[in-house]
$ cat structure-v4.cif   # mmCIF, C-alpha atoms
data_target
#
loop_
_atom_site.label_atom_id
_atom_site.label_comp_id
_atom_site.auth_asym_id
_atom_site.auth_seq_id
_atom_site.Cartn_x
_atom_site.Cartn_y
_atom_site.Cartn_z
CA MET W 8 56.84 8.33 120.13
CA SER W 9 54.78 6.37 117.71
CA LYS W 10 55.39 6.18 114.00
CA SER W 11 52.17 8.10 113.33
CA THR W 12 53.23 10.93 115.67
CA LYS W 13 56.63 11.18 113.94
CA THR W 14 54.92 11.32 110.56
CA TRP W 15 52.66 14.15 111.72
CA LEU W 16 55.65 16.04 113.18
CA ILE W 17 57.52 15.71 109.89
CA ILE W 18 54.46 16.84 107.93
CA GLY W 19 53.93 19.73 110.36
CA ALA W 20 57.59 20.78 110.11
CA PHE W 21 57.43 20.60 106.32
CA ILE W 22 54.25 22.73 106.26
CA LEU W 23 55.90 25.22 108.63
CA VAL W 24 58.97 25.47 106.37
CA VAL W 25 56.73 25.98 103.32
CA ILE W 26 54.73 28.68 105.14
CA ILE W 27 57.93 30.47 106.20
CA PHE W 28 59.33 30.20 102.66
CA LEU W 29 56.13 31.53 101.07
CA GLY W 30 55.92 34.32 103.65
CA SER W 31 59.50 35.26 102.89
CA CYS W 32 58.81 35.25 99.14
CA ILE W 33 55.74 37.43 99.62
CA GLY W 34 57.74 39.84 101.78
CA ILE W 35 60.53 40.08 99.19
CA ARG W 36 58.01 40.62 96.38
CA ASN W 37 56.23 43.32 98.39
CA ASN W 38 59.55 45.08 98.98
CA MET W 39 60.27 45.00 95.23
CA VAL W 40 56.84 46.44 94.45
CA THR W 41 57.36 49.18 97.06
CA MET W 42 60.77 50.01 95.61
CA GLN W 43 59.34 50.18 92.07
CA GLU W 44 56.69 52.61 93.31
CA ASP W 45 59.40 54.68 95.00
CA ILE W 46 61.23 54.81 91.67
CA LYS W 47 58.05 55.94 89.88
CA ASN W 48 57.54 58.64 92.50
CA ALA W 49 61.15 59.81 92.20
CA TRP W 50 60.81 59.94 88.40
CA ALA W 51 57.60 61.97 88.77
CA GLN W 52 59.59 64.53 90.78
CA VAL W 53 62.23 64.66 88.05
CA GLU W 54 59.45 65.25 85.51
CA ASN W 55 58.04 68.00 87.75
CA GLN W 56 61.31 69.88 87.57
CA LEU W 57 61.69 69.20 83.84
CA GLN W 58 58.23 70.72 83.36
CA ARG W 59 59.19 73.74 85.47
CA ARG W 60 62.26 74.23 83.29
CA TYR W 61 60.16 73.68 80.18
CA ASP W 62 57.74 76.41 81.33
CA LEU W 63 60.53 78.91 82.09
CA ILE W 64 62.33 78.55 78.77
CA PRO W 65 59.91 80.55 76.55
CA ASN W 66 60.15 83.55 78.90
CA LEU W 67 63.92 83.34 78.95
CA VAL W 68 64.11 82.97 75.17
CA ASN W 69 61.78 85.93 74.59
CA THR W 70 63.86 88.09 76.90
CA VAL W 71 67.08 87.15 75.10
CA LYS W 72 65.47 87.58 71.67
CA GLY W 73 65.00 91.27 72.34
CA TYR W 74 68.76 91.69 72.69
CA ALA W 75 70.05 89.02 70.35
CA LYS W 76 67.75 89.19 67.35
CA HIS W 77 70.26 87.64 64.96
CA GLU W 78 70.93 84.54 67.13
CA ARG W 79 68.11 82.66 65.41
CA GLU W 80 69.70 79.17 65.33
CA ILE W 81 69.79 78.72 69.12
CA PHE W 82 66.14 79.76 69.45
CA ILE W 83 65.17 77.14 66.87
CA GLN W 84 67.19 74.47 68.69
CA ILE W 85 65.53 75.32 72.00
CA ALA W 86 62.06 75.27 70.43
CA GLU W 87 62.76 71.89 68.82
CA ALA W 88 64.10 70.46 72.08
CA ARG W 89 61.04 71.73 73.98
CA ALA W 90 58.75 70.15 71.39
CA LYS W 91 60.57 66.83 71.71
CA LEU W 92 60.22 66.95 75.51
CA ALA W 93 56.52 67.74 75.23
CA GLY W 94 56.00 64.85 72.83
CA ALA W 95 58.23 62.32 74.60
CA GLY W 96 56.28 59.34 75.83
CA THR W 97 58.91 56.98 77.17
CA TYR W 98 61.47 57.49 79.88
CA PRO W 99 64.48 57.28 77.48
CA ASP W 100 62.83 59.77 75.09
CA LYS W 101 62.24 62.20 77.96
CA VAL W 102 65.83 61.90 79.15
CA LYS W 103 67.13 62.46 75.60
CA ALA W 104 64.90 65.53 75.13
CA ALA W 105 65.86 66.93 78.54
CA ASN W 106 69.53 66.52 77.65
CA GLN W 107 68.98 68.35 74.35
CA ILE W 108 67.38 71.22 76.26
CA GLU W 109 70.33 71.33 78.66
CA SER W 110 72.75 71.49 75.76
CA ALA W 111 70.76 74.25 74.01
CA LEU W 112 70.47 76.24 77.24
CA GLY W 113 74.23 75.98 77.68
CA ARG W 114 74.73 77.49 74.21
CA LEU W 115 72.14 80.18 74.98
CA LEU W 116 74.03 81.19 78.11
CA VAL W 117 77.25 81.48 76.11
CA ILE W 118 75.43 83.83 73.72
CA VAL W 119 74.18 85.87 76.68
CA GLU W 120 77.79 86.60 77.60
CA ARG W 121 78.03 88.71 74.43
CA TYR W 122 75.29 91.10 75.59
CA PRO W 123 76.25 92.96 78.78
CA LEU W 124 73.02 94.98 78.78
CA LEU W 125 71.02 91.77 78.74
CA LYS W 126 72.82 90.48 81.82
CA ALA W 127 71.86 93.71 83.60
CA ASP W 128 68.16 93.44 82.64
CA ALA W 129 65.97 92.78 85.71
CA ASN W 130 63.62 90.40 83.88
CA PHE W 131 66.54 88.39 82.56
CA ARG W 132 68.17 88.20 86.00
CA ALA W 133 64.90 87.07 87.60
CA LEU W 134 64.41 84.39 84.94
CA MET W 135 68.00 83.22 85.32
CA ASP W 136 67.54 82.97 89.09
CA GLU W 137 64.39 80.89 88.52
CA LEU W 138 66.18 78.71 86.01
CA ALA W 139 69.18 78.25 88.30
CA GLY W 140 66.86 77.25 91.14
CA THR W 141 65.09 74.81 88.86
CA GLU W 142 68.38 73.31 87.69
CA ASN W 143 69.42 72.82 91.32
CA ARG W 144 66.10 71.18 92.18
CA LEU W 145 66.40 69.03 89.07
CA ALA W 146 69.87 67.88 90.10
CA VAL W 147 68.55 66.96 93.56
CA GLU W 148 65.60 65.04 92.10
CA ARG W 149 67.87 63.21 89.63
CA LYS W 150 70.07 62.15 92.51
CA ARG W 151 67.07 60.95 94.52
CA TYR W 152 65.81 59.04 91.51
CA ASN W 153 69.21 57.43 90.92
CA ASP W 154 69.47 56.57 94.63
CA LYS W 155 66.10 54.77 94.48
CA VAL W 156 67.09 52.94 91.29
CA THR W 157 70.42 51.88 92.78
CA GLU W 158 68.76 50.65 95.98
CA TYR W 159 66.21 48.65 93.97
CA ASN W 160 68.81 47.23 91.56
CA LYS W 161 71.00 46.08 94.45
CA TYR W 162 67.99 44.53 96.19
CA ILE W 163 66.94 42.45 93.19
CA LYS W 164 70.50 41.21 92.57
CA VAL W 165 71.17 39.60 95.96
CA ILE W 166 70.36 35.99 96.76
CA PRO W 167 67.53 34.87 97.17
CA ASN W 168 65.89 38.07 95.89
CA ASN W 169 67.39 37.58 92.41
CA MET W 170 65.61 34.24 92.03
CA ILE W 171 62.29 35.65 93.19
CA ALA W 172 62.75 38.74 91.00
CA GLY W 173 63.41 36.53 87.98
CA MET W 174 60.39 34.33 88.65
CA MET W 175 58.08 37.30 89.17
CA GLY W 176 59.29 39.42 86.25
CA PHE W 177 61.13 42.15 88.15
CA SER W 178 63.98 43.58 86.09
CA LYS W 179 66.74 46.12 86.50
CA ALA W 180 65.73 49.80 86.40
CA ASP W 181 67.70 52.38 84.41
CA LEU W 182 69.62 55.22 86.00
CA TYR W 183 69.19 58.78 84.75
CA GLU W 184 72.46 59.30 82.93
CA ILE W 185 73.66 62.38 81.10
CA PRO W 186 75.19 61.48 77.73
CA GLU W 187 78.77 62.50 77.06
CA VAL W 188 77.64 65.00 74.40
CA ALA W 189 75.63 66.96 76.98
CA LYS W 190 78.68 67.17 79.27
CA GLU W 191 80.74 69.00 76.65
CA THR W 192 81.12 72.75 76.90
CA PRO W 193 79.38 74.45 73.99
CA LYS W 194 81.72 76.13 71.53
CA VAL W 195 80.83 79.60 70.36
CA GLU W 196 82.89 81.26 67.68
CA PHE W 197 82.86 84.99 67.17
#
$ encode --input "structure-v4.cif" --output "structure tokens"
Amino acid sequence: MSKSTKTWLIIGAFILVVIIFLGSCIGIRNNMVTMQEDIKNAWAQVENQLQRRYDLIPNLVNTVKGYAKHEREIFIQIAEARAKLAGAGTYPDKVKAANQIESALGRLLVIVERYPLLKADANFRALMDELAGTENRLAVERKRYNDKVTEYNKYIKVIPNNMIAGMMGFSKADLYEIPEVAKETPKVEF
């Protein structure tokens, strides 16, 4: 083999390595973009269920108000939490508002225990069934969202993906986490 042929083989091999490297980088980037879109879609489903809950709350509150007219504080808290959810623009604000609604609903359900006739009311039972179904769907959608976030976060942390993610501005996504305060059982004193 002549020196010129060897030079062309080396140049050809180098170009082939560069093409493979660039193709790999493009593939990794495309996977990251796809995963980010999956996360956005999963979050949209969480928001769907939050909106469903948001829409059910006024009916539930109005039903309870008829029986528990003097339980004004909880109704105010629920209204404030709903307003915060409606006005929330960022993901963390929406999560915080949703958690406040969960906490207020928990206190509302404790109040309901004091009114046996309310628990027997057909409208109340239907609304509670709707709300329970929504809460179940919300839990499923939160899990799906967190699964997508976890998958994406793992993907951008492994080598060589972490280098490509850093160069192209891909960063860790946040999980949907319930704060410790929302996990506490509401205390109702008689």
$ atom_distance --input "structure-v4.cif" --atom1 "CA of Ile33 (chain W)" --atom2 "CA of Thr157 (chain W)"
21.7 Å
$ resolve_selection --input "structure-v4.cif" --expression "the PyMOL selection byres ((chain W and resi 45) around 12)" --output "CSV table (one decimal) with C-alpha atoms, in the frame of the given file"
chain,number,residue,atom,x,y,z
W,38,ASN,CA,59.6,45.1,99.0
W,39,MET,CA,60.3,45.0,95.2
W,40,VAL,CA,56.8,46.4,94.4
W,41,THR,CA,57.4,49.2,97.1
W,42,MET,CA,60.8,50.0,95.6
W,43,GLN,CA,59.3,50.2,92.1
W,44,GLU,CA,56.7,52.6,93.3
W,46,ILE,CA,61.2,54.8,91.7
W,47,LYS,CA,58.0,55.9,89.9
W,48,ASN,CA,57.5,58.6,92.5
W,49,ALA,CA,61.2,59.8,92.2
W,50,TRP,CA,60.8,59.9,88.4
W,51,ALA,CA,57.6,62.0,88.8
W,52,GLN,CA,59.6,64.5,90.8
W,151,ARG,CA,67.1,61.0,94.5
W,152,TYR,CA,65.8,59.0,91.5
W,153,ASN,CA,69.2,57.4,90.9
W,154,ASP,CA,69.5,56.6,94.6
W,155,LYS,CA,66.1,54.8,94.5
W,156,VAL,CA,67.1,52.9,91.3
W,157,THR,CA,70.4,51.9,92.8
W,158,GLU,CA,68.8,50.6,96.0
W,159,TYR,CA,66.2,48.6,94.0
W,180,ALA,CA,65.7,49.8,86.4
$ residues_near_point --input "structure-v4.cif" --point "(68.6, 79.1, 83.7)" --cutoff "10 Å" --atoms "only C-alpha atoms" --output "PyMOL selection string"
chain W and resi 60+63-64+67+109+112-113+115-116+131-143
$ write_last_selection --input "structure-v4.cif" --atoms "C-alpha atoms" --output "mmCIF file, keeping the file's coordinate frame"
data_model
loop_
_atom_site.group_PDB
_atom_site.id
_atom_site.type_symbol
_atom_site.label_atom_id
_atom_site.label_comp_id
_atom_site.auth_asym_id
_atom_site.auth_seq_id
_atom_site.Cartn_x
_atom_site.Cartn_y
_atom_site.Cartn_z
ATOM 1 C CA ARG W 60 62.260 74.230 83.290
ATOM 2 C CA LEU W 63 60.530 78.910 82.090
ATOM 3 C CA ILE W 64 62.330 78.550 78.770
ATOM 4 C CA LEU W 67 63.920 83.340 78.950
ATOM 5 C CA GLU W 109 70.330 71.330 78.660
ATOM 6 C CA LEU W 112 70.470 76.240 77.240
ATOM 7 C CA GLY W 113 74.230 75.980 77.680
ATOM 8 C CA LEU W 115 72.140 80.180 74.980
ATOM 9 C CA LEU W 116 74.030 81.190 78.110
ATOM 10 C CA PHE W 131 66.540 88.390 82.560
ATOM 11 C CA ARG W 132 68.170 88.200 86.000
ATOM 12 C CA ALA W 133 64.900 87.070 87.600
ATOM 13 C CA LEU W 134 64.410 84.390 84.940
ATOM 14 C CA MET W 135 68.000 83.220 85.320
ATOM 15 C CA ASP W 136 67.540 82.970 89.090
ATOM 16 C CA GLU W 137 64.390 80.890 88.520
ATOM 17 C CA LEU W 138 66.180 78.710 86.010
ATOM 18 C CA ALA W 139 69.180 78.250 88.300
ATOM 19 C CA GLY W 140 66.860 77.250 91.140
ATOM 20 C CA THR W 141 65.090 74.810 88.860
ATOM 21 C CA GLU W 142 68.380 73.310 87.690
ATOM 22 C CA ASN W 143 69.420 72.820 91.320
#
$ atom_distance --input "structure-v4.cif" --atom1 "CA of Tyr122 (chain W)" --atom2 "CA of Arg79 (chain W)"
15.0 Å
$ atom_distance --input "structure-v4.cif" --atom1 "CA of Cys32 (chain W)" --atom2 "CA of Ser178 (chain W)"
16.3 Å
$ resolve_selection --input "structure-v4.cif" --expression "the PyMOL selection byres ((chain W and resi 108) around 10)" --output "list in words"
Leu57, Arg60, Tyr61, Ile64, Gln84, Ile85, Ala86, Glu87, Ala88, Arg89, Ala90, Lys91, Leu92, Val102, Lys103, Ala104, Ala105, Asn106, Gln107, Glu109, Ser110, Ala111, Leu112, Gly113, Arg114 and Ala189 of chain W
$ write_last_selection --input "structure-v4.cif" --atoms "C-alpha atoms" --output "CSV table (one decimal), in the coordinates of the input"
chain,number,residue,atom,x,y,z
W,57,LEU,CA,61.7,69.2,83.8
W,60,ARG,CA,62.3,74.2,83.3
W,61,TYR,CA,60.2,73.7,80.2
W,64,ILE,CA,62.3,78.6,78.8
W,84,GLN,CA,67.2,74.5,68.7
W,85,ILE,CA,65.5,75.3,72.0
W,86,ALA,CA,62.1,75.3,70.4
W,87,GLU,CA,62.8,71.9,68.8
W,88,ALA,CA,64.1,70.5,72.1
W,89,ARG,CA,61.0,71.7,74.0
W,90,ALA,CA,58.8,70.2,71.4
W,91,LYS,CA,60.6,66.8,71.7
W,92,LEU,CA,60.2,67.0,75.5
W,102,VAL,CA,65.8,61.9,79.2
W,103,LYS,CA,67.1,62.5,75.6
W,104,ALA,CA,64.9,65.5,75.1
W,105,ALA,CA,65.9,66.9,78.5
W,106,ASN,CA,69.5,66.5,77.6
W,107,GLN,CA,69.0,68.4,74.4
W,109,GLU,CA,70.3,71.3,78.7
W,110,SER,CA,72.8,71.5,75.8
W,111,ALA,CA,70.8,74.2,74.0
W,112,LEU,CA,70.5,76.2,77.2
W,113,GLY,CA,74.2,76.0,77.7
W,114,ARG,CA,74.7,77.5,74.2
W,189,ALA,CA,75.6,67.0,77.0
$ closest_residue --input "structure-v4.cif" --among "W:Val71, W:Ala95, W:Met8, W:Ala146" --to "Leu124 (chain W)" --atoms "all atoms listed in the file"
W:Val71
$ axis_aligned_box --input "structure-v4.cif" --around "region 109-122 of chain W" --padding-each-side "4 Å" --output "JSON"
{"center_x": 74.2, "center_y": 81.2, "center_z": 76.2, "size_x": 15.7, "size_y": 27.8, "size_z": 12.9}
$ decode --input "structure-v4.cif" --residues "region 30-167 of chain W" --atoms "C-alpha atoms" --output "PDB file, in the first residue's frame"
ATOM      1  CA  GLY W  30     -24.931  10.276  14.860  1.00  0.00           C
ATOM      2  CA  SER W  31     -24.743   8.917  18.386  1.00  0.00           C
ATOM      3  CA  CYS W  32     -24.912  12.440  19.852  1.00  0.00           C
ATOM      4  CA  ILE W  33     -27.923  13.268  17.693  1.00  0.00           C
ATOM      5  CA  GLY W  34     -29.631  10.043  18.752  1.00  0.00           C
ATOM      6  CA  ILE W  35     -28.999  10.745  22.447  1.00  0.00           C
ATOM      7  CA  ARG W  36     -30.253  14.330  22.076  1.00  0.00           C
ATOM      8  CA  ASN W  37     -33.380  13.135  20.270  1.00  0.00           C
ATOM      9  CA  ASN W  38     -34.055  10.647  23.074  1.00  0.00           C
ATOM     10  CA  MET W  39     -33.732  13.446  25.647  1.00  0.00           C
ATOM     11  CA  VAL W  40     -36.144  15.639  23.688  1.00  0.00           C
ATOM     12  CA  THR W  41     -38.612  12.751  23.405  1.00  0.00           C
ATOM     13  CA  MET W  42     -38.363  12.086  27.135  1.00  0.00           C
ATOM     14  CA  GLN W  43     -38.934  15.769  27.942  1.00  0.00           C
ATOM     15  CA  GLU W  44     -42.057  15.712  25.772  1.00  0.00           C
ATOM     16  CA  ASP W  45     -43.229  12.564  27.573  1.00  0.00           C
ATOM     17  CA  ILE W  46     -42.769  14.409  30.873  1.00  0.00           C
ATOM     18  CA  LYS W  47     -44.799  17.377  29.577  1.00  0.00           C
ATOM     19  CA  ASN W  48     -47.546  15.014  28.455  1.00  0.00           C
ATOM     20  CA  ALA W  49     -47.565  13.218  31.808  1.00  0.00           C
ATOM     21  CA  TRP W  50     -47.769  16.576  33.616  1.00  0.00           C
ATOM     22  CA  ALA W  51     -50.676  17.593  31.372  1.00  0.00           C
ATOM     23  CA  GLN W  52     -52.524  14.479  32.540  1.00  0.00           C
ATOM     24  CA  VAL W  53     -51.836  15.397  36.169  1.00  0.00           C
ATOM     25  CA  GLU W  54     -53.221  18.874  35.456  1.00  0.00           C
ATOM     26  CA  ASN W  55     -56.281  17.283  33.837  1.00  0.00           C
ATOM     27  CA  GLN W  56     -57.086  15.453  37.041  1.00  0.00           C
ATOM     28  CA  LEU W  57     -56.293  18.505  39.170  1.00  0.00           C
ATOM     29  CA  GLN W  58     -58.789  20.454  37.050  1.00  0.00           C
ATOM     30  CA  ARG W  59     -61.382  17.708  37.464  1.00  0.00           C
ATOM     31  CA  ARG W  60     -60.914  17.881  41.231  1.00  0.00           C
ATOM     32  CA  TYR W  61     -61.001  21.675  41.073  1.00  0.00           C
ATOM     33  CA  ASP W  62     -64.343  21.522  39.229  1.00  0.00           C
ATOM     34  CA  LEU W  63     -65.883  19.056  41.698  1.00  0.00           C
ATOM     35  CA  ILE W  64     -64.974  20.977  44.838  1.00  0.00           C
ATOM     36  CA  PRO W  65     -67.599  23.780  44.611  1.00  0.00           C
ATOM     37  CA  ASN W  66     -70.400  21.212  44.310  1.00  0.00           C
ATOM     38  CA  LEU W  67     -69.063  19.256  47.259  1.00  0.00           C
ATOM     39  CA  VAL W  68     -68.622  22.404  49.344  1.00  0.00           C
ATOM     40  CA  ASN W  69     -72.141  23.625  48.560  1.00  0.00           C
ATOM     41  CA  THR W  70     -73.591  20.263  49.538  1.00  0.00           C
ATOM     42  CA  VAL W  71     -71.710  20.271  52.841  1.00  0.00           C
ATOM     43  CA  LYS W  72     -72.581  23.924  53.516  1.00  0.00           C
ATOM     44  CA  GLY W  73     -76.242  23.020  53.733  1.00  0.00           C
ATOM     45  CA  TYR W  74     -75.511  20.724  56.665  1.00  0.00           C
ATOM     46  CA  ALA W  75     -72.560  22.452  58.266  1.00  0.00           C
ATOM     47  CA  LYS W  76     -73.399  26.132  58.085  1.00  0.00           C
ATOM     48  CA  HIS W  77     -71.138  27.100  60.986  1.00  0.00           C
ATOM     49  CA  GLU W  78     -67.998  25.411  59.549  1.00  0.00           C
ATOM     50  CA  ARG W  79     -67.041  28.605  57.732  1.00  0.00           C
ATOM     51  CA  GLU W  80     -63.236  28.409  58.147  1.00  0.00           C
ATOM     52  CA  ILE W  81     -62.814  25.238  56.065  1.00  0.00           C
ATOM     53  CA  PHE W  82     -64.905  26.677  53.231  1.00  0.00           C
ATOM     54  CA  ILE W  83     -62.683  29.762  53.164  1.00  0.00           C
ATOM     55  CA  GLN W  84     -59.540  27.608  53.107  1.00  0.00           C
ATOM     56  CA  ILE W  85     -60.883  25.539  50.214  1.00  0.00           C
ATOM     57  CA  ALA W  86     -61.873  28.659  48.265  1.00  0.00           C
ATOM     58  CA  GLU W  87     -58.423  30.181  48.820  1.00  0.00           C
ATOM     59  CA  ALA W  88     -56.676  26.974  47.766  1.00  0.00           C
ATOM     60  CA  ARG W  89     -58.826  26.749  44.616  1.00  0.00           C
ATOM     61  CA  ALA W  90     -58.000  30.365  43.769  1.00  0.00           C
ATOM     62  CA  LYS W  91     -54.282  29.670  44.200  1.00  0.00           C
ATOM     63  CA  LEU W  92     -54.530  26.635  41.898  1.00  0.00           C
ATOM     64  CA  ALA W  93     -56.401  28.653  39.284  1.00  0.00           C
ATOM     65  CA  GLY W  94     -53.784  31.402  39.423  1.00  0.00           C
ATOM     66  CA  ALA W  95     -50.718  29.155  39.602  1.00  0.00           C
ATOM     67  CA  GLY W  96     -48.469  29.595  36.603  1.00  0.00           C
ATOM     68  CA  THR W  97     -45.439  27.478  37.387  1.00  0.00           C
ATOM     69  CA  TYR W  98     -45.166  23.792  38.108  1.00  0.00           C
ATOM     70  CA  PRO W  99     -44.038  24.298  41.753  1.00  0.00           C
ATOM     71  CA  ASP W 100     -46.893  26.769  42.366  1.00  0.00           C
ATOM     72  CA  LYS W 101     -49.411  24.276  40.972  1.00  0.00           C
ATOM     73  CA  VAL W 102     -48.045  21.473  43.139  1.00  0.00           C
ATOM     74  CA  LYS W 103     -48.164  23.707  46.233  1.00  0.00           C
ATOM     75  CA  ALA W 104     -51.758  24.771  45.491  1.00  0.00           C
ATOM     76  CA  ALA W 105     -52.830  21.182  44.788  1.00  0.00           C
ATOM     77  CA  ASN W 106     -51.324  20.098  48.103  1.00  0.00           C
ATOM     78  CA  GLN W 107     -53.212  22.874  49.917  1.00  0.00           C
ATOM     79  CA  ILE W 108     -56.445  21.639  48.343  1.00  0.00           C
ATOM     80  CA  GLU W 109     -55.671  18.083  49.448  1.00  0.00           C
ATOM     81  CA  SER W 110     -55.073  19.259  52.987  1.00  0.00           C
ATOM     82  CA  ALA W 111     -58.288  21.322  53.049  1.00  0.00           C
ATOM     83  CA  LEU W 112     -60.295  18.433  51.588  1.00  0.00           C
ATOM     84  CA  GLY W 113     -58.920  16.170  54.307  1.00  0.00           C
ATOM     85  CA  ARG W 114     -60.177  18.596  56.959  1.00  0.00           C
ATOM     86  CA  LEU W 115     -63.530  18.858  55.160  1.00  0.00           C
ATOM     87  CA  LEU W 116     -63.948  15.090  55.255  1.00  0.00           C
ATOM     88  CA  VAL W 117     -63.234  15.067  58.990  1.00  0.00           C
ATOM     89  CA  ILE W 118     -66.012  17.649  59.429  1.00  0.00           C
ATOM     90  CA  VAL W 119     -68.356  15.484  57.362  1.00  0.00           C
ATOM     91  CA  GLU W 120     -67.966  12.734  59.946  1.00  0.00           C
ATOM     92  CA  ARG W 121     -69.876  14.951  62.389  1.00  0.00           C
ATOM     93  CA  TYR W 122     -72.989  15.003  60.187  1.00  0.00           C
ATOM     94  CA  PRO W 123     -74.498  11.531  59.720  1.00  0.00           C
ATOM     95  CA  LEU W 124     -77.401  12.879  57.643  1.00  0.00           C
ATOM     96  CA  LEU W 125     -74.947  14.453  55.237  1.00  0.00           C
ATOM     97  CA  LYS W 126     -73.196  11.125  54.692  1.00  0.00           C
ATOM     98  CA  ALA W 127     -76.573   9.619  53.799  1.00  0.00           C
ATOM     99  CA  ASP W 128     -77.428  12.379  51.276  1.00  0.00           C
ATOM    100  CA  ALA W 129     -77.487  11.022  47.698  1.00  0.00           C
ATOM    101  CA  ASN W 130     -75.914  14.145  46.183  1.00  0.00           C
ATOM    102  CA  PHE W 131     -73.103  14.070  48.714  1.00  0.00           C
ATOM    103  CA  ARG W 132     -72.456  10.364  48.117  1.00  0.00           C
ATOM    104  CA  ALA W 133     -72.382  10.881  44.342  1.00  0.00           C
ATOM    105  CA  LEU W 134     -69.955  13.790  44.687  1.00  0.00           C
ATOM    106  CA  MET W 135     -67.760  11.808  47.061  1.00  0.00           C
ATOM    107  CA  ASP W 136     -67.683   8.906  44.590  1.00  0.00           C
ATOM    108  CA  GLU W 137     -66.651  11.335  41.834  1.00  0.00           C
ATOM    109  CA  LEU W 138     -64.012  12.869  44.064  1.00  0.00           C
ATOM    110  CA  ALA W 139     -62.684   9.462  45.117  1.00  0.00           C
ATOM    111  CA  GLY W 140     -62.454   8.426  41.469  1.00  0.00           C
ATOM    112  CA  THR W 141     -60.648  11.647  40.650  1.00  0.00           C
ATOM    113  CA  GLU W 142     -58.217  11.167  43.530  1.00  0.00           C
ATOM    114  CA  ASN W 143     -57.465   7.650  42.276  1.00  0.00           C
ATOM    115  CA  ARG W 144     -56.903   8.903  38.730  1.00  0.00           C
ATOM    116  CA  LEU W 145     -54.744  11.704  40.091  1.00  0.00           C
ATOM    117  CA  ALA W 146     -52.607   9.226  42.023  1.00  0.00           C
ATOM    118  CA  VAL W 147     -52.152   7.136  38.863  1.00  0.00           C
ATOM    119  CA  GLU W 148     -51.202  10.190  36.789  1.00  0.00           C
ATOM    120  CA  ARG W 149     -48.755  11.386  39.465  1.00  0.00           C
ATOM    121  CA  LYS W 150     -47.103   7.988  39.402  1.00  0.00           C
ATOM    122  CA  ARG W 151     -46.882   8.030  35.600  1.00  0.00           C
ATOM    123  CA  TYR W 152     -45.418  11.518  35.723  1.00  0.00           C
ATOM    124  CA  ASN W 153     -42.848  10.518  38.352  1.00  0.00           C
ATOM    125  CA  ASP W 154     -41.980   7.393  36.343  1.00  0.00           C
ATOM    126  CA  LYS W 155     -41.283   9.539  33.254  1.00  0.00           C
ATOM    127  CA  VAL W 156     -39.220  12.005  35.287  1.00  0.00           C
ATOM    128  CA  THR W 157     -37.211   9.195  36.882  1.00  0.00           C
ATOM    129  CA  GLU W 158     -36.566   7.554  33.512  1.00  0.00           C
ATOM    130  CA  TYR W 159     -35.411  10.874  32.036  1.00  0.00           C
ATOM    131  CA  ASN W 160     -33.253  11.787  35.049  1.00  0.00           C
ATOM    132  CA  LYS W 161     -31.514   8.406  34.945  1.00  0.00           C
ATOM    133  CA  TYR W 162     -30.967   8.735  31.199  1.00  0.00           C
ATOM    134  CA  ILE W 163     -29.275  12.133  31.434  1.00  0.00           C
ATOM    135  CA  LYS W 164     -27.014  11.013  34.300  1.00  0.00           C
ATOM    136  CA  VAL W 165     -25.299   8.062  32.598  1.00  0.00           C
ATOM    137  CA  ILE W 166     -22.109   8.377  30.582  1.00  0.00           C
ATOM    138  CA  PRO W 167     -21.906   9.663  27.802  1.00  0.00           C
TER     139      PRO W 167
END
